[in-house]
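Peer 1: I am attaching a structure below and will ask some questions about it afterwards.
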Amino acid sequence: MKVLMTNAHLGEGFVEQLQSEFPQVEFHAAISVEEQLREVADADVICGWPDSPDVVSAAAKLRWIHCPGTGIDKIMAELPALADSDVVLTNARGPHANPMADHVLWMMLSLSHRGRQMAEDQRLRQWDAEGYSHSFVELSGGTMGILALGDIGSAVARRAYGFDMDVYAVDINPVTPPPQVKEVWGLERLDELMAMCDWFVVTAPLTAESRGLIDRRRIGLMKPSSYVIIISRGGIVDEDALADALREGRLAGAGIDATAIEPLPQESPLWGLDNVVLSPHASALTPQMYEGRRQVFRENMRRFLNNEPFLYVCDKRAGF
């Protein structure tokens, strides 16, 4: 049996560790397209993001692709034929949720307590307590709306509940609310949620249904005192409409970790707005997250060899 590791996302030395743990399997690192095309013909498994549709087309024995991250939008966009194939697609959902939720709260606190300005004051060695008078926003008592109550959304909800916030969510598959969430609604109540919340957090995967879901009209429903946090994927929120609302005072602020085009283009107006906190799609990148993703692949490799059901099988048509 042969496994092709098509990127170094899971860390240096991981291929060697796998080879030691599963001596009956051949593990081959193939980072470039040329290496992948050369090695894939007799591969049973691909772990990583294949860099060309030609790679999968050349894989005559392929039975399983494992996405070492969570979002499968890139894989499905580049390999649409995968949806109708018998190849199983799994991902590594789970380990990313806690650090991403931590990042959401960091962004919220940075926006509500003017973290960017305080960092600049520190750089300038400037002590200006009076300049912050009456300018902070308390999280306690505020209302949070979450788009998609999956692993990330649930982790965000637990943290917001700890700050005494009222949490609501909409989801394509509404579930019974966990203790930290007051209500979980279907997408038909998204407009209502956006109009009522002080903080709107995007934790949904990027799919055909979610792309462009938060458009100019929906942004216009939000209160001028409200904030938007984009933590899962770019492309769900209309960034031009968001920038206009932030610049014109129709929104109080935004925290953005994921954008439609990455890196965020230099000409994007989001760079120059004082009421925006930006990070480079890096919210999940803790040592614990990487180790968690390695453990998911190890466990699924063990299951594959023992003909046991996989963890985290993706719905290739739904896109998550």
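FYI, nothing fancy with the structure tokens labels: chains A, B, ... in order, residues from 1 per chain, ligands from 1 as they appear.
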Using only C-alpha atoms, I'd like a table of the residues in range 252-292 of chain A that come within 12 Å of range 118-142 of chain A; for each, show the closest atom pair and its distance in Å rounded to one decimal, ordered by chain and ascending number, as a tab-separated table.
Peer 2:
residue	atom	partner	partner_atom	distance
A:Ala252	CA	A:Val137	CA	10.5
A:Gly253	CA	A:Val137	CA	11.6
A:Asp274	CA	A:Glu120	CA	11.7
Peer 1: Mind dumping the selected residues with C-alpha atoms as a compact mmCIF listing (two decimals), in the first residue's frame?
Peer 2:
# COMPACT_ATOMS: atom_id res chain seq x y z
CA ALA A 252 -18.60 49.87 14.34
CA GLY A 253 -15.80 47.51 13.38
CA ASP A 274 -8.78 52.04 11.85
Peer 1: Quick one: residues within 10 Å of Asp240 in chain A, only C-alpha atoms, excluding same-chain residues fewer than 4 positions away - as a PDB file with all heavy atoms, in the first residue's frame?
Peer 2:
ATOM      1  N   ASP A 215     -24.301  39.614   1.895  1.00  0.00           N
ATOM      2  CA  ASP A 215     -24.147  40.596   0.824  1.00  0.00           C
ATOM      3  C   ASP A 215     -24.416  42.009   1.338  1.00  0.00           C
ATOM      4  O   ASP A 215     -24.607  42.238   2.543  1.00  0.00           O
ATOM      5  CB  ASP A 215     -25.059  40.245  -0.347  1.00  0.00           C
ATOM      6  CG  ASP A 215     -26.531  40.132   0.075  1.00  0.00           C
ATOM      7  OD1 ASP A 215     -26.876  40.540   1.215  1.00  0.00           O
ATOM      8  OD2 ASP A 215     -27.338  39.633  -0.737  1.00  0.00           O
ATOM      9  N   ARG A 216     -24.430  42.952   0.428  1.00  0.00           N
ATOM     10  CA  ARG A 216     -24.607  44.356   0.802  1.00  0.00           C
ATOM     11  C   ARG A 216     -25.944  44.588   1.527  1.00  0.00           C
ATOM     12  O   ARG A 216     -26.012  45.337   2.491  1.00  0.00           O
ATOM     13  CB  ARG A 216     -24.507  45.233  -0.452  1.00  0.00           C
ATOM     14  CG  ARG A 216     -24.451  46.729  -0.173  1.00  0.00           C
ATOM     15  CD  ARG A 216     -24.174  47.504  -1.449  1.00  0.00           C
ATOM     16  NE  ARG A 216     -22.843  47.199  -1.976  1.00  0.00           N
ATOM     17  CZ  ARG A 216     -21.741  47.859  -1.628  1.00  0.00           C
ATOM     18  NH1 ARG A 216     -21.805  48.844  -0.748  1.00  0.00           N
ATOM     19  NH2 ARG A 216     -20.574  47.534  -2.170  1.00  0.00           N
ATOM     20  N   ASP A 244     -17.245  49.505   2.808  1.00  0.00           N
ATOM     21  CA  ASP A 244     -18.058  50.722   2.686  1.00  0.00           C
ATOM     22  C   ASP A 244     -18.801  51.006   3.989  1.00  0.00           C
ATOM     23  O   ASP A 244     -18.844  52.158   4.463  1.00  0.00           O
ATOM     24  CB  ASP A 244     -19.065  50.577   1.546  1.00  0.00           C
ATOM     25  CG  ASP A 244     -18.423  50.619   0.172  1.00  0.00           C
ATOM     26  OD1 ASP A 244     -17.256  51.049   0.071  1.00  0.00           O
ATOM     27  OD2 ASP A 244     -19.079  50.212  -0.802  1.00  0.00           O
ATOM     28  N   ALA A 245     -19.402  49.979   4.571  1.00  0.00           N
ATOM     29  CA  ALA A 245     -20.152  50.168   5.811  1.00  0.00           C
ATOM     30  C   ALA A 245     -19.244  50.603   6.951  1.00  0.00           C
ATOM     31  O   ALA A 245     -19.611  51.457   7.770  1.00  0.00           O
ATOM     32  CB  ALA A 245     -20.880  48.872   6.180  1.00  0.00           C
ATOM     33  N   LEU A 246     -18.040  50.043   7.019  1.00  0.00           N
ATOM     34  CA  LEU A 246     -17.086  50.420   8.066  1.00  0.00           C
ATOM     35  C   LEU A 246     -16.591  51.849   7.880  1.00  0.00           C
ATOM     36  O   LEU A 246     -16.469  52.617   8.836  1.00  0.00           O
ATOM     37  CB  LEU A 246     -15.903  49.449   8.053  1.00  0.00           C
ATOM     38  CG  LEU A 246     -16.207  48.012   8.498  1.00  0.00           C
ATOM     39  CD1 LEU A 246     -15.095  47.074   8.071  1.00  0.00           C
ATOM     40  CD2 LEU A 246     -16.398  47.956  10.014  1.00  0.00           C
ATOM     41  N   SER A 268      -6.753  46.588  -1.257  1.00  0.00           N
ATOM     42  CA  SER A 268      -7.992  46.446  -0.500  1.00  0.00           C
ATOM     43  C   SER A 268      -8.148  47.591   0.493  1.00  0.00           C
ATOM     44  O   SER A 268      -7.217  47.899   1.255  1.00  0.00           O
ATOM     45  CB  SER A 268      -8.019  45.115   0.256  1.00  0.00           C
ATOM     46  OG  SER A 268      -9.112  45.090   1.161  1.00  0.00           O
ATOM     47  N   PRO A 269      -9.315  48.221   0.546  1.00  0.00           N
ATOM     48  CA  PRO A 269      -9.521  49.304   1.516  1.00  0.00           C
ATOM     49  C   PRO A 269      -9.503  48.827   2.961  1.00  0.00           C
ATOM     50  O   PRO A 269      -9.357  49.638   3.880  1.00  0.00           O
ATOM     51  CB  PRO A 269     -10.900  49.853   1.129  1.00  0.00           C
ATOM     52  CG  PRO A 269     -11.593  48.737   0.422  1.00  0.00           C
ATOM     53  CD  PRO A 269     -10.498  47.992  -0.303  1.00  0.00           C
ATOM     54  N   LEU A 270      -9.661  47.516   3.181  1.00  0.00           N
ATOM     55  CA  LEU A 270      -9.676  47.000   4.545  1.00  0.00           C
ATOM     56  C   LEU A 270      -8.358  47.258   5.270  1.00  0.00           C
ATOM     57  O   LEU A 270      -8.341  47.406   6.501  1.00  0.00           O
ATOM     58  CB  LEU A 270      -9.982  45.503   4.532  1.00  0.00           C
ATOM     59  CG  LEU A 270     -11.384  45.114   4.036  1.00  0.00           C
ATOM     60  CD1 LEU A 270     -11.475  43.614   3.825  1.00  0.00           C
ATOM     61  CD2 LEU A 270     -12.460  45.593   5.003  1.00  0.00           C
TER      62      LEU A 270
END
Peer 1: Considering only helix (DSSP H, G or I) as DSSP defines it on the backbone, what residues of range 118-269 of chain A qualify? List them as a CSV table (one decimal) with all heavy atoms, in the first residue's frame.
Peer 2:
chain,number,residue,atom,x,y,z
A,118,MET,N,-4.1,51.3,21.6
A,118,MET,CA,-3.2,51.1,22.8
A,118,MET,C,-1.8,50.6,22.4
A,118,MET,O,-0.8,51.0,23.0
A,118,MET,CB,-3.9,50.1,23.8
A,118,MET,CG,-5.0,50.7,24.5
A,118,MET,SD,-5.6,49.6,25.9
A,118,MET,CE,-6.7,50.7,26.7
A,119,ALA,N,-1.8,49.7,21.4
A,119,ALA,CA,-0.5,49.2,20.9
A,119,ALA,C,0.3,50.4,20.4
A,119,ALA,O,1.6,50.5,20.6
A,119,ALA,CB,-0.7,48.1,19.9
A,120,GLU,N,-0.3,51.3,19.6
A,120,GLU,CA,0.4,52.4,19.1
A,120,GLU,C,0.8,53.4,20.2
A,120,GLU,O,1.9,53.9,20.2
A,120,GLU,CB,-0.5,53.2,18.1
A,120,GLU,CG,0.1,54.4,17.5
A,120,GLU,CD,1.3,54.1,16.6
A,120,GLU,OE1,1.6,52.9,16.3
A,120,GLU,OE2,2.0,55.1,16.2
A,121,ASP,N,0.0,53.6,21.2
A,121,ASP,CA,0.4,54.4,22.4
A,121,ASP,C,1.6,53.8,23.0
A,121,ASP,O,2.6,54.5,23.4
A,121,ASP,CB,-0.7,54.5,23.4
A,121,ASP,CG,-1.8,55.5,22.9
A,121,ASP,OD1,-1.6,56.2,21.9
A,121,ASP,OD2,-2.9,55.5,23.6
A,122,GLN,N,1.6,52.5,23.2
A,122,GLN,CA,2.8,51.8,23.8
A,122,GLN,C,4.1,52.0,23.0
A,122,GLN,O,5.1,52.3,23.5
A,122,GLN,CB,2.5,50.4,24.0
A,122,GLN,CG,3.7,49.6,24.7
A,122,GLN,CD,3.4,48.1,24.9
A,122,GLN,OE1,2.2,47.7,24.8
A,122,GLN,NE2,4.4,47.4,25.2
A,123,ARG,N,3.9,51.9,21.7
A,123,ARG,CA,5.1,52.1,20.8
A,123,ARG,C,5.6,53.5,20.9
A,123,ARG,O,6.8,53.7,20.9
A,123,ARG,CB,4.7,51.9,19.3
A,123,ARG,CG,5.8,51.9,18.3
A,123,ARG,CD,5.3,51.7,16.9
A,123,ARG,NE,4.6,52.9,16.4
A,123,ARG,CZ,5.2,54.0,16.0
A,123,ARG,NH1,6.6,54.0,15.9
A,123,ARG,NH2,4.5,55.0,15.6
A,124,LEU,N,4.7,54.5,21.1
A,124,LEU,CA,5.1,55.9,21.2
A,124,LEU,C,5.5,56.3,22.7
A,124,LEU,O,5.8,57.5,22.9
A,124,LEU,CB,4.0,56.8,20.7
A,124,LEU,CG,3.6,56.7,19.2
A,124,LEU,CD1,2.4,57.5,18.9
A,124,LEU,CD2,4.8,57.1,18.3
A,129,ALA,N,-4.7,58.2,29.4
A,129,ALA,CA,-5.9,57.5,30.0
A,129,ALA,C,-7.2,58.3,29.6
A,129,ALA,O,-8.2,57.7,29.2
A,129,ALA,CB,-5.8,57.4,31.5
A,130,GLU,N,-7.1,59.6,29.6
A,130,GLU,CA,-8.3,60.4,29.3
A,130,GLU,C,-8.8,60.2,27.8
A,130,GLU,O,-10.0,60.3,27.6
A,130,GLU,CB,-8.0,61.9,29.5
A,130,GLU,CG,-9.2,62.8,29.3
A,130,GLU,CD,-10.3,62.5,30.3
A,130,GLU,OE1,-9.9,62.1,31.4
A,130,GLU,OE2,-11.4,62.8,30.0
A,131,GLY,N,-7.8,59.8,27.0
A,131,GLY,CA,-8.2,59.6,25.6
A,131,GLY,C,-9.1,58.4,25.4
A,131,GLY,O,-9.7,58.2,24.3
A,132,TYR,N,-9.1,57.5,26.4
A,132,TYR,CA,-10.0,56.3,26.3
A,132,TYR,C,-11.3,56.4,27.0
A,132,TYR,O,-12.1,55.5,27.1
A,132,TYR,CB,-9.2,55.1,26.8
A,132,TYR,CG,-8.0,54.8,25.9
A,132,TYR,CD1,-6.7,55.2,26.2
A,132,TYR,CD2,-8.2,54.0,24.7
A,132,TYR,CE1,-5.7,54.9,25.4
A,132,TYR,CE2,-7.1,53.7,23.9
A,132,TYR,CZ,-5.9,54.2,24.2
A,132,TYR,OH,-4.8,53.9,23.4
A,151,ASP,N,-18.1,23.0,14.8
A,151,ASP,CA,-17.0,23.0,15.9
A,151,ASP,C,-16.6,24.3,16.3
A,151,ASP,O,-16.4,24.7,17.4
A,151,ASP,CB,-15.8,22.1,15.4
A,151,ASP,CG,-16.2,20.6,15.2
A,151,ASP,OD1,-17.1,20.2,15.9
A,151,ASP,OD2,-15.5,20.0,14.5
A,152,ILE,N,-16.3,25.2,15.3
A,152,ILE,CA,-15.8,26.5,15.6
A,152,ILE,C,-16.9,27.4,16.2
A,152,ILE,O,-16.7,28.0,17.3
A,152,ILE,CB,-15.3,27.3,14.3
A,152,ILE,CG1,-14.3,26.4,13.5
A,152,ILE,CG2,-14.7,28.6,14.7
A,152,ILE,CD1,-14.0,27.0,12.1
A,153,GLY,N,-18.1,27.4,15.6
A,153,GLY,CA,-19.2,28.1,16.2
A,153,GLY,C,-19.5,27.7,17.6
A,153,GLY,O,-19.8,28.6,18.5
A,154,SER,N,-19.5,26.5,17.9
A,154,SER,CA,-19.8,26.0,19.3
A,154,SER,C,-18.7,26.4,20.2
A,154,SER,O,-19.0,26.8,21.4
A,154,SER,CB,-19.9,24.5,19.3
A,154,SER,OG,-21.0,24.0,18.5
A,155,ALA,N,-17.4,26.4,19.8
A,155,ALA,CA,-16.3,26.9,20.7
A,155,ALA,C,-16.4,28.4,20.9
A,155,ALA,O,-16.2,28.8,22.0
A,155,ALA,CB,-15.0,26.5,20.1
A,156,VAL,N,-16.8,29.1,19.9
A,156,VAL,CA,-17.0,30.6,20.1
A,156,VAL,C,-18.2,30.8,21.1
A,156,VAL,O,-18.1,31.7,22.0
A,156,VAL,CB,-17.3,31.2,18.7
A,156,VAL,CG1,-17.7,32.7,18.9
A,156,VAL,CG2,-16.1,31.2,17.8
A,157,ALA,N,-19.2,30.1,20.9
A,157,ALA,CA,-20.4,30.2,21.8
A,157,ALA,C,-20.0,30.0,23.2
A,157,ALA,O,-20.5,30.7,24.1
A,157,ALA,CB,-21.5,29.3,21.3
A,158,ARG,N,-19.2,29.0,23.5
A,158,ARG,CA,-18.9,28.7,24.9
A,158,ARG,C,-18.1,29.9,25.5
A,158,ARG,O,-18.3,30.2,26.7
A,158,ARG,CB,-18.0,27.4,25.0
A,158,ARG,CG,-18.8,26.1,24.7
A,158,ARG,CD,-18.0,24.9,25.0
A,158,ARG,NE,-16.8,24.7,24.2
A,158,ARG,CZ,-16.7,24.1,23.1
A,158,ARG,NH1,-17.8,23.6,22.6
A,158,ARG,NH2,-15.6,24.0,22.4
A,159,ARG,N,-17.2,30.4,24.7
A,159,ARG,CA,-16.4,31.6,25.2
A,159,ARG,C,-17.3,32.8,25.4
A,159,ARG,O,-17.2,33.5,26.4
A,159,ARG,CB,-15.3,31.8,24.3
A,159,ARG,CG,-14.2,30.8,24.4
A,159,ARG,CD,-13.3,30.7,23.2
A,159,ARG,NE,-12.2,29.7,23.3
A,159,ARG,CZ,-12.3,28.4,23.3
A,159,ARG,NH1,-13.5,27.9,23.1
A,159,ARG,NH2,-11.3,27.6,23.5
A,160,ALA,N,-18.2,33.1,24.4
A,160,ALA,CA,-19.1,34.2,24.6
A,160,ALA,C,-20.0,34.1,25.8
A,160,ALA,O,-20.3,35.1,26.5
A,160,ALA,CB,-19.9,34.4,23.3
A,161,TYR,N,-20.5,32.9,26.0
A,161,TYR,CA,-21.3,32.6,27.2
A,161,TYR,C,-20.5,33.0,28.5
A,161,TYR,O,-21.1,33.5,29.4
A,161,TYR,CB,-21.8,31.2,27.2
A,161,TYR,CG,-22.6,30.8,28.3
A,161,TYR,CD1,-24.0,31.1,28.3
A,161,TYR,CD2,-22.1,30.1,29.4
A,161,TYR,CE1,-24.8,30.7,29.3
A,161,TYR,CE2,-23.0,29.7,30.5
A,161,TYR,CZ,-24.3,30.0,30.4
A,161,TYR,OH,-25.1,29.6,31.5
A,162,GLY,N,-19.2,32.7,28.5
A,162,GLY,CA,-18.4,33.0,29.6
A,162,GLY,C,-18.3,34.5,29.9
A,162,GLY,O,-17.9,34.9,31.0
A,187,LEU,N,-31.6,29.0,8.2
A,187,LEU,CA,-31.1,30.1,7.5
A,187,LEU,C,-32.2,31.1,7.1
A,187,LEU,O,-31.9,32.3,6.8
A,187,LEU,CB,-30.4,29.6,6.2
A,187,LEU,CG,-29.0,29.0,6.4
A,187,LEU,CD1,-28.5,28.5,5.1
A,187,LEU,CD2,-28.0,30.0,7.0
A,188,GLU,N,-33.5,30.7,7.2
A,188,GLU,CA,-34.5,31.6,6.8
A,188,GLU,C,-34.6,32.8,7.8
A,188,GLU,O,-35.3,33.8,7.5
A,188,GLU,CB,-35.9,30.9,6.7
A,188,GLU,CG,-36.4,30.4,8.0
A,188,GLU,CD,-35.9,29.1,8.5
A,188,GLU,OE1,-35.0,28.5,7.8
A,188,GLU,OE2,-36.3,28.6,9.6
A,189,ARG,N,-34.0,32.6,9.0
A,189,ARG,CA,-34.0,33.7,10.0
A,189,ARG,C,-32.7,34.4,10.1
A,189,ARG,O,-32.4,35.2,11.0
A,189,ARG,CB,-34.4,33.1,11.4
A,189,ARG,CG,-35.8,32.6,11.4
A,189,ARG,CD,-36.3,32.1,12.7
A,189,ARG,NE,-36.5,33.2,13.7
A,189,ARG,CZ,-36.9,33.1,14.9
A,189,ARG,NH1,-37.3,31.8,15.3
A,189,ARG,NH2,-37.1,34.1,15.7
A,190,LEU,N,-31.8,34.3,9.1
A,190,LEU,CA,-30.5,35.0,9.1
A,190,LEU,C,-30.7,36.5,9.1
A,190,LEU,O,-30.0,37.2,9.8
A,190,LEU,CB,-29.7,34.6,7.8
A,190,LEU,CG,-28.4,35.3,7.6
A,190,LEU,CD1,-27.5,35.1,8.8
A,190,LEU,CD2,-27.7,34.8,6.3
A,191,ASP,N,-31.6,37.0,8.3
A,191,ASP,CA,-31.8,38.5,8.4
A,191,ASP,C,-32.2,39.0,9.8
A,191,ASP,O,-31.7,40.0,10.2
A,191,ASP,CB,-33.0,38.9,7.4
A,191,ASP,CG,-32.5,38.8,5.9
A,191,ASP,OD1,-31.4,38.3,5.7
A,191,ASP,OD2,-33.4,39.1,5.1
A,192,GLU,N,-33.1,38.2,10.4
A,192,GLU,CA,-33.5,38.6,11.8
A,192,GLU,C,-32.3,38.6,12.7
A,192,GLU,O,-32.1,39.5,13.6
A,192,GLU,CB,-34.5,37.7,12.3
A,192,GLU,CG,-35.0,37.9,13.7
A,192,GLU,CD,-36.1,36.9,14.1
A,192,GLU,OE1,-36.6,36.1,13.3
A,192,GLU,OE2,-36.4,36.9,15.3
A,193,LEU,N,-31.4,37.6,12.6
A,193,LEU,CA,-30.3,37.5,13.5
A,193,LEU,C,-29.3,38.7,13.2
A,193,LEU,O,-28.8,39.3,14.2
A,193,LEU,CB,-29.5,36.2,13.2
A,193,LEU,CG,-28.3,35.9,14.0
A,193,LEU,CD1,-28.7,35.6,15.5
A,193,LEU,CD2,-27.5,34.7,13.5
A,194,MET,N,-29.1,39.0,12.0
A,194,MET,CA,-28.1,40.1,11.7
A,194,MET,C,-28.6,41.4,12.2
A,194,MET,O,-27.9,42.3,12.6
A,194,MET,CB,-27.8,40.1,10.2
A,194,MET,CG,-27.2,38.9,9.7
A,194,MET,SD,-26.5,39.1,8.0
A,194,MET,CE,-25.1,40.2,8.4
A,195,ALA,N,-29.9,41.6,12.2
A,195,ALA,CA,-30.5,42.9,12.6
A,195,ALA,C,-30.4,43.0,14.1
A,195,ALA,O,-30.4,44.2,14.6
A,195,ALA,CB,-32.0,43.0,12.1
A,196,MET,N,-30.4,41.9,14.9
A,196,MET,CA,-30.5,42.0,16.3
A,196,MET,C,-29.2,41.9,17.0
A,196,MET,O,-29.1,42.3,18.2
A,196,MET,CB,-31.4,40.9,16.9
A,196,MET,CG,-30.9,39.5,16.6
A,196,MET,SD,-32.0,38.2,17.2
A,196,MET,CE,-31.6,38.1,18.9
A,216,ARG,N,-24.4,43.0,0.4
A,216,ARG,CA,-24.6,44.4,0.8
A,216,ARG,C,-25.9,44.6,1.5
A,216,ARG,O,-26.0,45.3,2.5
A,216,ARG,CB,-24.5,45.2,-0.5
A,216,ARG,CG,-24.5,46.7,-0.2
A,216,ARG,CD,-24.2,47.5,-1.4
A,216,ARG,NE,-22.8,47.2,-2.0
A,216,ARG,CZ,-21.7,47.9,-1.6
A,216,ARG,NH1,-21.8,48.8,-0.7
A,216,ARG,NH2,-20.6,47.5,-2.2
A,217,ARG,N,-27.0,43.9,1.0
A,217,ARG,CA,-28.3,44.1,1.7
A,217,ARG,C,-28.3,43.6,3.1
A,217,ARG,O,-28.8,44.3,4.0
A,217,ARG,CB,-29.4,43.3,0.9
A,217,ARG,CG,-30.8,43.5,1.5
A,217,ARG,CD,-31.8,42.6,0.9
A,217,ARG,NE,-31.5,41.2,1.2
A,217,ARG,CZ,-31.9,40.6,2.3
A,217,ARG,NH1,-32.5,41.3,3.3
A,217,ARG,NH2,-31.7,39.3,2.5
A,218,ARG,N,-27.7,42.5,3.4
A,218,ARG,CA,-27.7,41.9,4.7
A,218,ARG,C,-26.8,42.7,5.6
A,218,ARG,O,-27.1,42.9,6.8
A,218,ARG,CB,-27.3,40.4,4.7
A,218,ARG,CG,-28.4,39.5,4.2
A,218,ARG,CD,-28.1,38.1,4.5
A,218,ARG,NE,-29.3,37.3,4.4
A,218,ARG,CZ,-29.5,36.4,3.4
A,218,ARG,NH1,-28.6,36.1,2.5
A,218,ARG,NH2,-30.7,35.7,3.4
A,219,ILE,N,-25.7,43.2,5.1
A,219,ILE,CA,-24.8,44.1,5.9
A,219,ILE,C,-25.6,45.3,6.3
A,219,ILE,O,-25.5,45.8,7.5
A,219,ILE,CB,-23.5,44.4,5.2
A,219,ILE,CG1,-22.6,43.2,5.1
A,219,ILE,CG2,-22.8,45.6,5.9
A,219,ILE,CD1,-21.4,43.3,4.2
A,220,GLY,N,-26.4,45.8,5.4
A,220,GLY,CA,-27.2,47.0,5.7
A,220,GLY,C,-28.3,46.8,6.8
A,220,GLY,O,-28.8,47.8,7.3
A,239,GLU,N,-16.7,41.8,0.8
A,239,GLU,CA,-15.7,42.6,1.4
A,239,GLU,C,-15.8,44.1,1.0
A,239,GLU,O,-15.5,45.0,1.8
A,239,GLU,CB,-14.3,42.1,1.1
A,239,GLU,CG,-14.1,40.7,1.8
A,239,GLU,CD,-12.8,40.0,1.4
A,239,GLU,OE1,-12.0,40.7,0.7
A,239,GLU,OE2,-12.6,38.9,1.7
A,240,ASP,N,-16.2,44.4,-0.2
A,240,ASP,CA,-16.4,45.7,-0.7
A,240,ASP,C,-17.5,46.4,0.1
A,240,ASP,O,-17.4,47.5,0.6
A,240,ASP,CB,-16.7,45.8,-2.2
A,240,ASP,CG,-15.5,45.5,-3.0
A,240,ASP,OD1,-14.3,45.6,-2.5
A,240,ASP,OD2,-15.7,45.0,-4.1
A,241,ALA,N,-18.7,45.7,0.2
A,241,ALA,CA,-19.8,46.2,1.0
A,241,ALA,C,-19.4,46.4,2.5
A,241,ALA,O,-19.8,47.4,3.1
A,241,ALA,CB,-21.0,45.3,0.9
A,242,LEU,N,-18.7,45.4,3.0
A,242,LEU,CA,-18.2,45.5,4.4
A,242,LEU,C,-17.3,46.8,4.6
A,242,LEU,O,-17.5,47.5,5.5
A,242,LEU,CB,-17.5,44.3,4.8
A,242,LEU,CG,-16.9,44.2,6.2
A,242,LEU,CD1,-18.0,44.3,7.2
A,242,LEU,CD2,-16.0,43.0,6.4
A,243,ALA,N,-16.4,47.0,3.7
A,243,ALA,CA,-15.5,48.1,3.8
A,243,ALA,C,-16.3,49.4,3.7
A,243,ALA,O,-16.0,50.4,4.4
A,243,ALA,CB,-14.4,48.1,2.7
A,244,ASP,N,-17.2,49.5,2.8
A,244,ASP,CA,-18.1,50.7,2.7
A,244,ASP,C,-18.8,51.0,4.0
A,244,ASP,O,-18.8,52.2,4.5
A,244,ASP,CB,-19.1,50.6,1.5
A,244,ASP,CG,-18.4,50.6,0.2
A,244,ASP,OD1,-17.3,51.0,0.1
A,244,ASP,OD2,-19.1,50.2,-0.8
A,245,ALA,N,-19.4,50.0,4.6
A,245,ALA,CA,-20.2,50.2,5.8
A,245,ALA,C,-19.2,50.6,7.0
A,245,ALA,O,-19.6,51.5,7.8
A,245,ALA,CB,-20.9,48.9,6.2
A,246,LEU,N,-18.0,50.0,7.0
A,246,LEU,CA,-17.1,50.4,8.1
A,246,LEU,C,-16.6,51.8,7.9
A,246,LEU,O,-16.5,52.6,8.8
A,246,LEU,CB,-15.9,49.4,8.1
A,246,LEU,CG,-16.2,48.0,8.5
A,246,LEU,CD1,-15.1,47.1,8.1
A,246,LEU,CD2,-16.4,48.0,10.0
A,247,ARG,N,-16.3,52.2,6.7
A,247,ARG,CA,-15.8,53.6,6.4
A,247,ARG,C,-16.9,54.6,6.6
A,247,ARG,O,-16.6,55.7,7.0
A,247,ARG,CB,-15.3,53.6,4.9
A,247,ARG,CG,-14.6,54.9,4.5
A,247,ARG,CD,-14.0,54.8,3.1
A,247,ARG,NE,-14.9,54.3,2.2
A,247,ARG,CZ,-14.7,53.1,1.5
A,247,ARG,NH1,-13.7,52.4,1.8
A,247,ARG,NH2,-15.6,52.7,0.6
A,269,PRO,N,-9.3,48.2,0.5
A,269,PRO,CA,-9.5,49.3,1.5
A,269,PRO,C,-9.5,48.8,3.0
A,269,PRO,O,-9.4,49.6,3.9
A,269,PRO,CB,-10.9,49.9,1.1
A,269,PRO,CG,-11.6,48.7,0.4
A,269,PRO,CD,-10.5,48.0,-0.3
Peer 1: I'd like the neighbourhood of Lys74 in chain A as a PDB file with N, CA and C atoms, in the first residue's frame, where a residue qualifies if any of its atoms comes within 9 Å (using only C-alpha atoms), though same-chain residues fewer than 4 positions away should be ignored.
Peer 2:
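Output below, filename out.pdb:
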ATOM      1  N   TRP A  49      -3.385  18.470  -0.088  1.00  0.00           N
ATOM      2  CA  TRP A  49      -4.163  19.130  -1.119  1.00  0.00           C
ATOM      3  C   TRP A  49      -3.501  18.865  -2.462  1.00  0.00           C
ATOM      4  N   GLU A  78     -10.944  22.510  -7.232  1.00  0.00           N
ATOM      5  CA  GLU A  78      -9.937  22.061  -8.194  1.00  0.00           C
ATOM      6  C   GLU A  78     -10.234  20.656  -8.728  1.00  0.00           C
ATOM      7  N   LEU A  79     -11.043  19.892  -7.962  1.00  0.00           N
ATOM      8  CA  LEU A  79     -11.329  18.503  -8.355  1.00  0.00           C
ATOM      9  C   LEU A  79     -12.835  18.252  -8.339  1.00  0.00           C
TER      10      LEU A  79
END
Peer 1: Report as JSON, numbers by chain all protein, DNA and RNA residues lying within 9 Å of Gly71 in chain A, evaluated on only C-alpha atoms, omitting residues in the same chain fewer than 4 positions from it.
Peer 2: {"A": [67, 75, 91, 92, 93, 205, 206, 232, 233, 319, 320]}
Peer 1: Show which residues sit within 12 Å of Gln19 in chain A, as a list of chain:residue names. Count only C-alpha atoms, and ignore same-chain residues fewer than 6 positions away.
Peer 2: A:Met1, A:Lys2, A:Val3, A:Leu4, A:Met5, A:Gly13, A:Val25, A:Glu26, A:Phe27, A:His28, A:Ala29, A:Arg298, A:Met301
Peer 1: Based on the selection just made, write C-alpha atoms of those residues as a short mmCIF file (atom, residue, chain, number, x, y, z; two decimals), in the first residue's frame.
Peer 2:
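Generated output (out.cif):
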data_model
loop_
_atom_site.label_atom_id
_atom_site.label_comp_id
_atom_site.auth_asym_id
_atom_site.auth_seq_id
_atom_site.Cartn_x
_atom_site.Cartn_y
_atom_site.Cartn_z
CA MET A 1 0.00 0.00 0.00
CA LYS A 2 1.23 3.47 -0.89
CA VAL A 3 0.40 6.85 0.64
CA LEU A 4 1.35 10.12 -1.04
CA MET A 5 1.97 13.08 1.28
CA GLY A 13 9.60 14.51 10.10
CA VAL A 25 2.77 1.06 4.24
CA GLU A 26 4.98 3.04 1.86
CA PHE A 27 4.84 6.77 2.59
CA HIS A 28 6.21 9.14 -0.06
CA ALA A 29 6.55 12.91 0.27
CA ARG A 298 -2.85 8.52 12.34
CA MET A 301 -4.72 5.47 8.77
#
Peer 1: What are the closest atom pairs, with distances in Å to one decimal, for all residues of range 238-315 of chain A lying within 12 Å of range 39-45 of chain A? Consider only C-alpha atoms, order rows by chain and residue number, and present the result as a tab-separated table.
Peer 2:
residue	atom	partner	partner_atom	distance
A:Phe297	CA	A:Val45	CA	11.4
A:Asn300	CA	A:Val45	CA	11.3
A:Met301	CA	A:Val45	CA	9.5
A:Phe304	CA	A:Val45	CA	9.8
A:Leu305	CA	A:Asp44	CA	11.3
